[in-house]
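> This is input11.txt (compact mmCIF, C-alpha atoms).
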# COMPACT_ATOMS: atom_id res chain seq x y z
CA MET D 1 -3.32 -0.76 -13.49
CA MET D 2 0.27 -0.71 -12.21
CA GLY D 3 1.78 -4.02 -11.18
CA LEU D 4 3.96 -4.54 -8.15
CA GLN D 5 7.12 -4.34 -10.23
CA GLU D 6 6.14 -0.93 -11.64
CA ILE D 7 5.19 0.25 -8.15
CA ILE D 8 8.59 -0.78 -6.84
CA SER D 9 10.36 0.89 -9.76
CA ALA D 10 8.44 4.12 -9.33
CA TYR D 11 8.00 4.28 -5.54
CA GLY D 12 10.33 1.65 -4.06
CA ARG D 13 13.01 4.12 -3.04
CA ALA D 14 10.47 6.51 -1.52
CA LEU D 15 8.81 3.65 0.37
CA ALA D 16 12.18 2.50 1.70
CA ARG D 17 12.76 6.03 2.98
CA VAL D 18 9.32 6.01 4.63
CA ALA D 19 10.17 2.71 6.36
CA SER D 20 13.52 4.13 7.49
CA ALA D 21 11.76 7.09 9.09
CA TYR D 22 9.47 4.80 11.11
CA GLU D 23 12.01 2.19 12.17
CA ALA D 24 15.72 2.44 12.91
CA ASP D 25 16.45 -1.28 13.33
CA PRO D 26 17.54 -2.53 9.87
CA SER D 27 15.88 -5.94 10.00
CA LEU D 28 12.60 -4.51 11.30
CA GLN D 29 12.88 -1.76 8.71
CA GLU D 30 13.08 -4.41 6.01
CA ASP D 31 10.04 -6.18 7.51
CA LEU D 32 8.12 -2.92 7.58
CA LEU D 33 9.01 -2.17 3.97
CA GLN D 34 7.80 -5.60 2.87
CA ASP D 35 4.68 -5.20 4.96
CA ILE D 36 3.99 -1.88 3.22
CA LEU D 37 4.59 -3.38 -0.23
CA MET D 38 2.32 -6.35 0.53
CA ALA D 39 -0.40 -4.00 1.76
CA ILE D 40 -0.11 -1.89 -1.39
CA HIS D 41 -0.19 -5.00 -3.54
CA GLY D 42 -3.36 -6.18 -1.77
CA ALA D 43 -5.02 -2.79 -1.97
CA LEU D 44 -4.26 -1.97 -5.62
CA PRO D 45 -7.56 -3.36 -6.98
CA ALA D 46 -9.36 -0.78 -4.81
CA LEU D 47 -7.57 2.14 -6.47
CA LYS D 48 -10.36 4.01 -8.25
CA ASP D 49 -8.40 6.76 -9.97
CA PRO D 50 -4.99 5.69 -11.31
CA GLY D 51 -4.11 9.38 -11.56
CA ARG D 52 -4.17 9.58 -7.75
CA ILE D 53 -1.79 6.71 -7.14
CA ALA D 54 0.81 8.68 -5.15
CA PRO D 55 -1.54 9.74 -2.29
CA PHE D 56 -3.03 6.23 -2.34
CA ILE D 57 0.35 4.55 -1.97
CA PHE D 58 1.68 6.94 0.66
CA ARG D 59 -1.54 6.70 2.66
CA ILE D 60 -1.14 2.94 2.90
CA ALA D 61 2.57 3.30 3.67
CA HIS D 62 1.97 5.75 6.52
CA ASN D 63 -0.93 3.76 7.92
CA ARG D 64 1.32 0.69 8.04
CA GLY D 65 4.04 2.82 9.59
CA VAL D 66 1.68 4.01 12.33
CA ASN D 67 0.55 0.43 12.96
CA HIS D 68 4.17 -0.54 13.28
CA VAL D 69 4.79 2.19 15.86
CA VAL D 70 1.75 1.07 17.89
CA ARG D 71 3.01 -2.53 17.97
CA ARG D 72 6.60 -1.52 18.80
CA VAL D 73 5.51 0.71 21.65
CA ALA D 74 3.20 -2.01 22.94
CA ASP D 75 5.99 -4.60 22.75
CA ARG D 76 7.95 -2.34 25.09
CA LYS D 77 10.95 -2.56 22.79
CA ALA D 78 13.09 0.46 22.08
CA PRO D 79 11.05 3.24 20.50
CA ALA D 80 10.69 2.66 16.77
CA GLY D 81 12.04 6.05 15.90
CA GLY D 82 14.63 7.02 18.42
CA GLU D 83 17.73 4.92 18.14
CA GLU D 84 20.43 4.75 15.51
CA ALA D 85 20.64 1.81 13.16
CA LEU D 86 22.99 -0.86 14.49
CA VAL D 87 23.87 -3.09 11.55
CA PRO D 88 22.87 -1.40 8.30
CA THR D 89 21.84 -3.50 5.33
CA PRO D 90 23.78 -2.72 2.12
CA GLU D 91 20.91 -0.61 0.84
CA GLN D 92 20.66 1.22 4.13
CA ALA D 93 24.38 1.91 4.15
CA LEU D 94 23.96 3.51 0.75
CA LEU D 95 20.90 5.39 1.88
CA GLU D 96 22.33 6.75 5.06
CA SER D 97 25.25 8.88 4.08
CA GLU D 98 26.32 11.21 6.83
CA ARG D 99 24.00 14.14 6.18
CA SER D 100 21.04 12.08 5.16
CA ALA D 101 21.58 9.88 8.23
CA GLN D 102 21.39 12.99 10.40
CA LEU D 103 18.22 14.04 8.62
CA ILE D 104 16.59 10.63 8.96
CA ALA D 105 17.49 10.52 12.66
CA ALA D 106 16.02 13.99 13.15
CA ILE D 107 12.85 13.07 11.25
CA ARG D 108 12.46 9.97 13.43
CA ARG D 109 12.42 12.24 16.47
CA LEU D 110 9.59 14.41 15.14
CA PRO D 111 6.10 13.78 16.52
CA LEU D 112 4.25 11.45 14.17
CA PRO D 113 1.90 14.02 12.56
CA TYR D 114 4.85 16.29 11.71
CA ARG D 115 7.01 13.38 10.63
CA GLN D 116 4.42 12.28 8.11
CA VAL D 117 3.85 15.66 6.45
CA MET D 118 7.58 16.28 6.33
CA MET D 119 8.28 12.98 4.61
CA LEU D 120 5.59 13.66 2.04
CA VAL D 121 6.91 17.18 1.41
CA LEU D 122 10.37 15.71 0.91
CA GLU D 123 8.89 13.24 -1.57
CA GLU D 124 7.62 16.26 -3.55
CA LEU D 125 3.90 15.66 -3.02
CA SER D 126 1.71 18.74 -3.35
CA TYR D 127 -0.29 20.00 -0.35
CA PRO D 128 -3.59 18.64 -1.77
CA GLU D 129 -1.91 15.26 -2.33
CA ILE D 130 -0.53 15.27 1.23
CA ALA D 131 -3.97 16.21 2.53
CA GLU D 132 -5.47 13.29 0.60
CA ALA D 133 -2.82 10.86 1.79
CA LEU D 134 -3.22 11.78 5.46
CA GLY D 135 -6.95 12.51 5.48
CA ILE D 136 -6.55 16.11 6.66
CA THR D 137 -7.25 19.55 5.17
CA THR D 138 -4.69 21.45 3.10
CA SER D 139 -4.61 24.20 5.73
CA ASN D 140 -3.72 21.55 8.34
CA VAL D 141 -0.96 20.41 6.02
CA GLY D 142 0.41 23.97 5.92
CA VAL D 143 0.33 24.31 9.70
CA ARG D 144 2.03 20.96 10.26
CA VAL D 145 4.68 21.60 7.59
CA ASN D 146 5.65 24.93 9.16
CA ARG D 147 5.89 23.43 12.62
CA ALA D 148 7.77 20.39 11.35
CA LYS D 149 10.27 22.59 9.50
CA ALA D 150 10.85 24.70 12.60
CA GLN D 151 11.43 21.63 14.79
CA LEU D 152 13.71 20.01 12.20
CA LYS D 153 15.75 23.16 11.80
CA ALA D 154 16.18 23.40 15.56
CA MET D 155 17.29 19.78 15.76
CA LEU D 156 19.70 19.96 12.82
CA ASP D 157 21.21 23.26 13.97
CA HIS D 158 21.75 21.78 17.41
CA GLU D 159 23.74 18.80 16.01
CA MET B 1 12.70 30.25 7.23
CA ASN B 2 13.38 30.15 3.52
CA ASP B 3 12.77 27.38 1.03
CA GLN B 4 16.47 26.84 0.57
CA PHE B 5 16.37 24.94 3.84
CA LEU B 6 13.68 22.69 2.40
CA GLU B 7 15.56 22.20 -0.85
CA GLU B 8 18.67 21.13 1.09
CA LEU B 9 16.55 18.73 3.11
CA LYS B 10 15.12 17.25 -0.08
CA ALA B 11 18.59 16.71 -1.50
CA ASP B 12 19.74 15.00 1.71
CA TRP B 13 16.56 12.97 1.93
CA ARG B 14 17.00 11.54 -1.55
CA ARG B 15 20.73 10.93 -1.26
CA GLY B 16 21.85 7.33 -1.63
CA ASP B 17 20.34 4.57 -3.64
CA ILE B 18 18.34 1.45 -3.05
CA ASP B 19 18.19 -1.58 -5.32
CA PRO B 20 14.58 -2.13 -6.44
CA GLY B 21 15.59 -5.55 -7.82
CA ARG B 22 16.57 -6.75 -4.35
CA MET B 23 13.36 -5.27 -2.96
CA LEU B 24 11.26 -7.24 -5.44
CA GLU B 25 13.27 -10.40 -4.75
CA ASN B 26 12.68 -10.08 -0.97
CA LEU B 27 9.02 -9.45 -1.53
CA GLU B 28 8.63 -12.49 -3.78
CA ARG B 29 10.35 -14.56 -1.09
CA ARG B 30 7.90 -13.32 1.52
CA LYS B 31 4.94 -14.03 -0.78
CA ARG B 32 6.19 -17.59 -1.32
CA ARG B 33 6.54 -18.04 2.45
CA LEU B 34 3.01 -16.76 3.04
CA ARG B 35 1.61 -19.04 0.33
CA LEU B 36 3.39 -22.00 1.96
CA LEU B 37 1.99 -21.13 5.39
CA LEU B 38 -1.50 -20.76 3.94
CA GLY B 39 -1.10 -24.13 2.21
CA LEU B 40 -0.02 -25.79 5.46
CA GLU B 41 -2.94 -24.20 7.29
CA ALA B 42 -5.39 -25.45 4.64
CA THR B 43 -3.88 -28.95 4.69
CA SER B 44 -3.99 -29.23 8.48
CA GLY B 45 -7.58 -27.95 8.48
CA ALA B 46 -8.59 -30.51 5.83
CA ILE B 47 -6.87 -33.35 7.70
CA ALA B 48 -8.56 -32.32 10.96
CA PHE B 49 -11.94 -32.18 9.20
CA VAL B 50 -11.57 -35.64 7.62
CA ALA B 51 -10.35 -37.07 10.95
CA ALA B 52 -13.32 -35.46 12.72
CA ILE B 53 -15.75 -37.10 10.28
CA TRP B 54 -14.08 -40.47 10.79
CA CYS B 55 -14.14 -40.13 14.59
CA GLY B 56 -17.76 -39.00 14.47
CA TRP B 57 -18.64 -42.05 12.36
CA ARG B 58 -16.81 -44.36 14.81
CA ALA B 59 -18.60 -42.73 17.74
CA ALA B 60 -21.98 -43.23 16.03
CA THR B 61 -21.36 -46.85 14.97
CA ASP B 62 -19.42 -48.14 18.01
CA GLY B 63 -21.05 -45.92 20.63
CA ASP B 64 -17.58 -44.98 21.89
CA ALA B 65 -17.73 -41.67 23.77
CA LEU B 66 -13.99 -41.08 23.33
CA PHE B 67 -14.38 -40.90 19.57
CA GLY B 68 -17.23 -38.42 20.09
CA PHE B 69 -15.00 -36.16 22.18
CA ALA B 70 -12.19 -36.49 19.64
CA ALA B 71 -14.57 -35.57 16.79
CA LEU B 72 -15.62 -32.41 18.63
CA ALA B 73 -12.03 -31.42 19.37
CA LEU B 74 -10.97 -32.02 15.75
CA LEU B 75 -13.92 -30.03 14.41
CA GLY B 76 -12.88 -27.15 16.68
CA SER B 77 -9.34 -27.37 15.35
CA ALA B 78 -10.57 -27.38 11.71
CA ALA B 79 -12.71 -24.31 12.47
CA LEU B 80 -9.66 -22.52 13.94
CA SER B 81 -7.67 -23.29 10.78
CA LEU B 82 -10.45 -21.82 8.66
CA MET B 83 -10.52 -18.71 10.85
CA ALA B 84 -6.75 -18.28 10.49
CA MET B 85 -7.10 -18.42 6.70
CA ARG B 86 -9.81 -15.75 6.61
CA PRO B 87 -8.54 -12.76 4.61
CA SER B 88 -7.92 -9.59 6.57
CA SER B 89 -10.74 -7.09 6.25
CA SER B 90 -8.53 -4.10 7.01
CA SER B 91 -9.21 -1.07 4.83
CA GLN B 92 -5.89 0.74 5.11
CA PHE B 93 -6.57 2.80 2.01
CA ASP B 94 -9.83 4.59 2.77
CA GLU B 95 -8.85 6.67 5.79
CA GLY B 96 -5.85 8.63 7.04
CA PRO B 97 -3.66 7.67 10.02
CA PHE B 98 -5.95 9.38 12.56
CA GLY B 99 -9.04 7.48 11.39
CA MET B 100 -6.99 4.32 11.11
CA LEU B 101 -5.80 4.69 14.72
CA GLN B 102 -9.37 5.17 15.90
CA ARG B 103 -10.36 2.03 14.01
CA THR B 104 -7.36 0.22 15.51
CA GLN B 105 -8.67 1.07 18.97
CA ARG B 106 -12.11 -0.29 18.12
CA ASN B 107 -10.53 -3.45 16.68
CA LEU B 108 -8.44 -3.87 19.82
CA ASP B 109 -11.60 -3.59 21.93
CA ASP B 110 -13.21 -6.32 19.81
CA LEU B 111 -10.08 -8.41 20.09
CA GLU B 112 -10.01 -8.06 23.85
CA ARG B 113 -13.60 -9.27 24.02
CA ALA B 114 -12.68 -12.22 21.76
CA VAL B 115 -9.73 -13.09 24.01
CA ALA B 116 -12.05 -12.98 27.01
CA ARG B 117 -14.32 -15.46 25.21
CA TRP B 118 -11.31 -17.72 24.68
CA ARG B 119 -10.68 -17.55 28.41
CA TRP B 120 -14.24 -18.69 29.04
CA SER B 121 -13.91 -21.43 26.42
CA ALA B 122 -10.99 -22.80 28.45
CA TRP B 123 -13.53 -23.55 31.17
CA ILE B 124 -15.42 -25.71 28.65
CA LEU B 125 -12.28 -27.82 28.32
CA VAL B 126 -12.08 -28.05 32.10
CA GLY B 127 -15.72 -29.21 32.05
CA CYS B 128 -14.90 -31.79 29.38
CA SER B 129 -11.95 -33.15 31.34
CA LEU B 130 -14.23 -33.57 34.37
CA ALA B 131 -17.05 -35.03 32.29
CA ILE B 132 -14.84 -37.74 30.84
CA TRP B 133 -14.16 -38.97 34.36
CA LEU B 134 -17.91 -39.32 34.83
CA PHE B 135 -17.98 -41.42 31.66
CA HIS B 136 -15.18 -43.50 33.13
CA PHE B 137 -17.02 -44.02 36.41
CA VAL B 138 -20.11 -45.30 34.57
CA GLY B 139 -17.90 -47.69 32.61
CA GLN B 140 -17.89 -45.95 29.23
CA THR B 141 -14.15 -45.25 28.98
CA ASP B 142 -11.06 -47.02 30.27
CA LEU B 143 -8.73 -45.49 32.84
CA ARG B 144 -5.66 -44.96 30.66
CA GLN B 145 -7.57 -43.16 27.89
CA THR B 146 -9.53 -41.13 30.39
CA ALA B 147 -6.44 -39.97 32.24
CA LEU B 148 -4.67 -39.14 28.99
CA LEU B 149 -7.53 -37.14 27.49
CA SER B 150 -8.37 -35.43 30.73
CA ALA B 151 -4.76 -34.33 31.21
CA ALA B 152 -4.54 -33.12 27.60
CA TRP B 153 -7.69 -31.03 27.92
CA ALA B 154 -6.83 -29.66 31.32
CA GLY B 155 -3.33 -28.79 30.05
CA THR B 156 -4.82 -27.06 27.03
CA ALA B 157 -7.18 -25.13 29.29
CA VAL B 158 -4.28 -23.93 31.43
CA ALA B 159 -2.30 -22.95 28.32
CA VAL B 160 -5.27 -21.04 26.91
CA GLY B 161 -5.73 -19.30 30.26
CA ILE B 162 -2.08 -18.21 30.39
CA TRP B 163 -2.05 -17.16 26.73
CA SER B 164 -5.26 -15.14 27.08
CA ARG B 165 -3.92 -13.25 30.10
CA TRP B 166 -0.69 -12.44 28.24
CA ARG B 167 -2.62 -11.40 25.10
CA SER B 168 -5.00 -9.21 27.12
CA ARG B 169 -2.07 -7.35 28.65
CA GLN B 170 -0.53 -6.89 25.22
CA ILE B 171 -3.81 -5.59 23.78
CA ARG B 172 -4.13 -3.09 26.61
CA ARG B 173 -0.58 -1.85 25.91
CA GLU B 174 -1.37 -1.53 22.18
CA ARG B 175 -4.52 0.39 23.05
CA ALA B 176 -2.59 2.75 25.27
CA ALA B 177 0.02 3.26 22.51
CA ALA B 178 -2.74 4.05 20.00
CA GLU B 179 -4.30 6.48 22.49
CA SER B 180 -1.00 8.31 23.00
CA LEU B 181 -0.52 8.62 19.23
CA LEU B 182 -4.05 9.95 18.86
CA ALA B 183 -3.19 12.56 21.49
CA GLU B 184 -0.15 13.53 19.38
CA TYR B 185 -2.43 14.08 16.37
CA ARG B 186 -4.87 16.17 18.40
CA ALA B 187 -2.01 18.29 19.75
CA ALA B 188 -0.48 18.72 16.27
CA ASP B 189 -3.35 20.80 14.98
CA ALA B 190 -4.16 22.62 18.21
Represent the structure from my file as structure tokens, please.

Amino acid sequence: MMGLQEIISAYGRALARVASAYEADPSLQEDLLQDILMAIHGALPALKDPGRIAPFIFRIAHNRGVNHVVRRVADRKAPAGGEEALVPTPEQALLESERSAQLIAAIRRLPLPYRQVMMLVLEELSYPEIAEALGITTSNVGVRVNRAKAQLKAMLDHE
Amino acid sequence: MNDQFLEELKADWRRGDIDPGRMLENLERRKRRLRLLLGLEATSGAIAFVAAIWCGWRAATDGDALFGFAALALLGSAALSLMAMRPSSSSQFDEGPFGMLQRTQRNLDDLERAVARWRWSAWILVGCSLAIWLFHFVGQTDLRQTALLSAAWAGTAVAVGIWSRWRSRQIRRERAAAESLLAEYRAADA
């Protein structure tokens, strides 16, 4: 079984990107990332098939992300996705170069179901893996990916 | 729309770097903090339990009602510490976000009921703070101790009442947020 260090080496960057797509505020983004990593660490013993670790990890990450959005909306703070980062952490500054910053901002504005499939597509997961991670059918994945791409293209062309 | 668009997105998405070493370091720090908090919770629970036993013994041997009340209050506090240490039973890995949101709503409903029970339990404290005056009037407790305990319990009851109202409002907002996200999921596949 993979340890936390191996998980971070293999998926840390991807999980940081997931956190950045759910939360724009750098300190809350860091909290969310740690929350995701803790949840993965706690859930690892339940992983039945080590060959299916990617959908397992991303499922937990997105579930934590959704939980985060619920809490943020309920706290009546600024929407978790909408605003630009104010004070980037060093890693975020590296992550958010101009074009990627535009992309992350656009992804944050997507409705949650489209945001999730898009992030998983960008992380190179296959449709069956995305379906497994999100608990939907592969045909649903296809529909959401097409709609997400169309909305993203419209947003990025507009900027 | 061609796949070149997607390939460009992938390149932009993966641009930049993140230091996994720093990530692990932050995580270890958080784990240490959580272990410390858990340790403090366990210690305070153990102290409250031992103090409750001692107060209970004093109440039984001296017949002092104040020690009896204190034993009950300390036992309650030890039970709360144990509840706080209970591991989370969340199963964030066996369902997708939609199922998880539905479960979140059910959990919030349960939580709201639990908060309502807390509100009712505040009335028990109000009852206790009145009862101790009865004990005082029949000569079981002295005035200073009675006034002190009664004020502490009544104050706690008021605090619990205010907290439970605030928490209920927050739960209702979380429930509404979960509902609006569920609506987004339903609309996504329509």
> As AutoDock Vina command-line options, what would the box around region 37-55 of chain B look like: edges along x, y and z, 3 Å added on every side, centre and edge lengths in Å to one decimal?

--center_x -6.9 --center_y -30.6 --center_z 8.4 --size_x 23.7 --size_y 25.7 --size_z 18.4
> Looking at all atoms listed in the file, which of D:Glu123, D:Asp75, D:Ala101, D:Gly135 is the one that sits closest to chain B?
D:Gly135
> Enumerate as a PyMOL selection string the residues belonging to chain B that approach chain D to within 8 Å, with all atoms listed in the file taken into account.
chain B and resi 1+6+9-10+12-20+23-24+26-27+30+92-93+95-98+100-101+170-171+173-174+176-178+181+184-185+188-189
> Counting only C-alpha atoms, write as a list in words all protein and nucleic acid residues lying at most 9 Å from (8.5, 4.9, 11.7) in the file's frame.
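Neighbouring residues, ordered by chain and number, come to Val18, Ala19, Ser20, Ala21, Tyr22, Glu23, Ala24, Gln29, Leu32, His62, Gly65, Val66, His68, Val69, Ala80, Gly81, Arg108, Leu112 and Arg115 of chain D.
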> Could you check how far CA of Asp157 (chain D) sits from CA of Ala106 (chain D), in Å to one decimal?
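These atoms are spaced 10.7 Å apart.
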> Measure the distance from CA of Gly76 (chain B) to CA of His136 (chain B) in Å and round it to one decimal.
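Distance between the two atoms: 23.3 Å.
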> One decimal, Å: what's the distance from CA of Ser81 (chain B) over to CA of Leu38 (chain B), could you say?
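We find that CA of Ser81 (chain B) and CA of Leu38 (chain B) lie 9.6 Å from each other.
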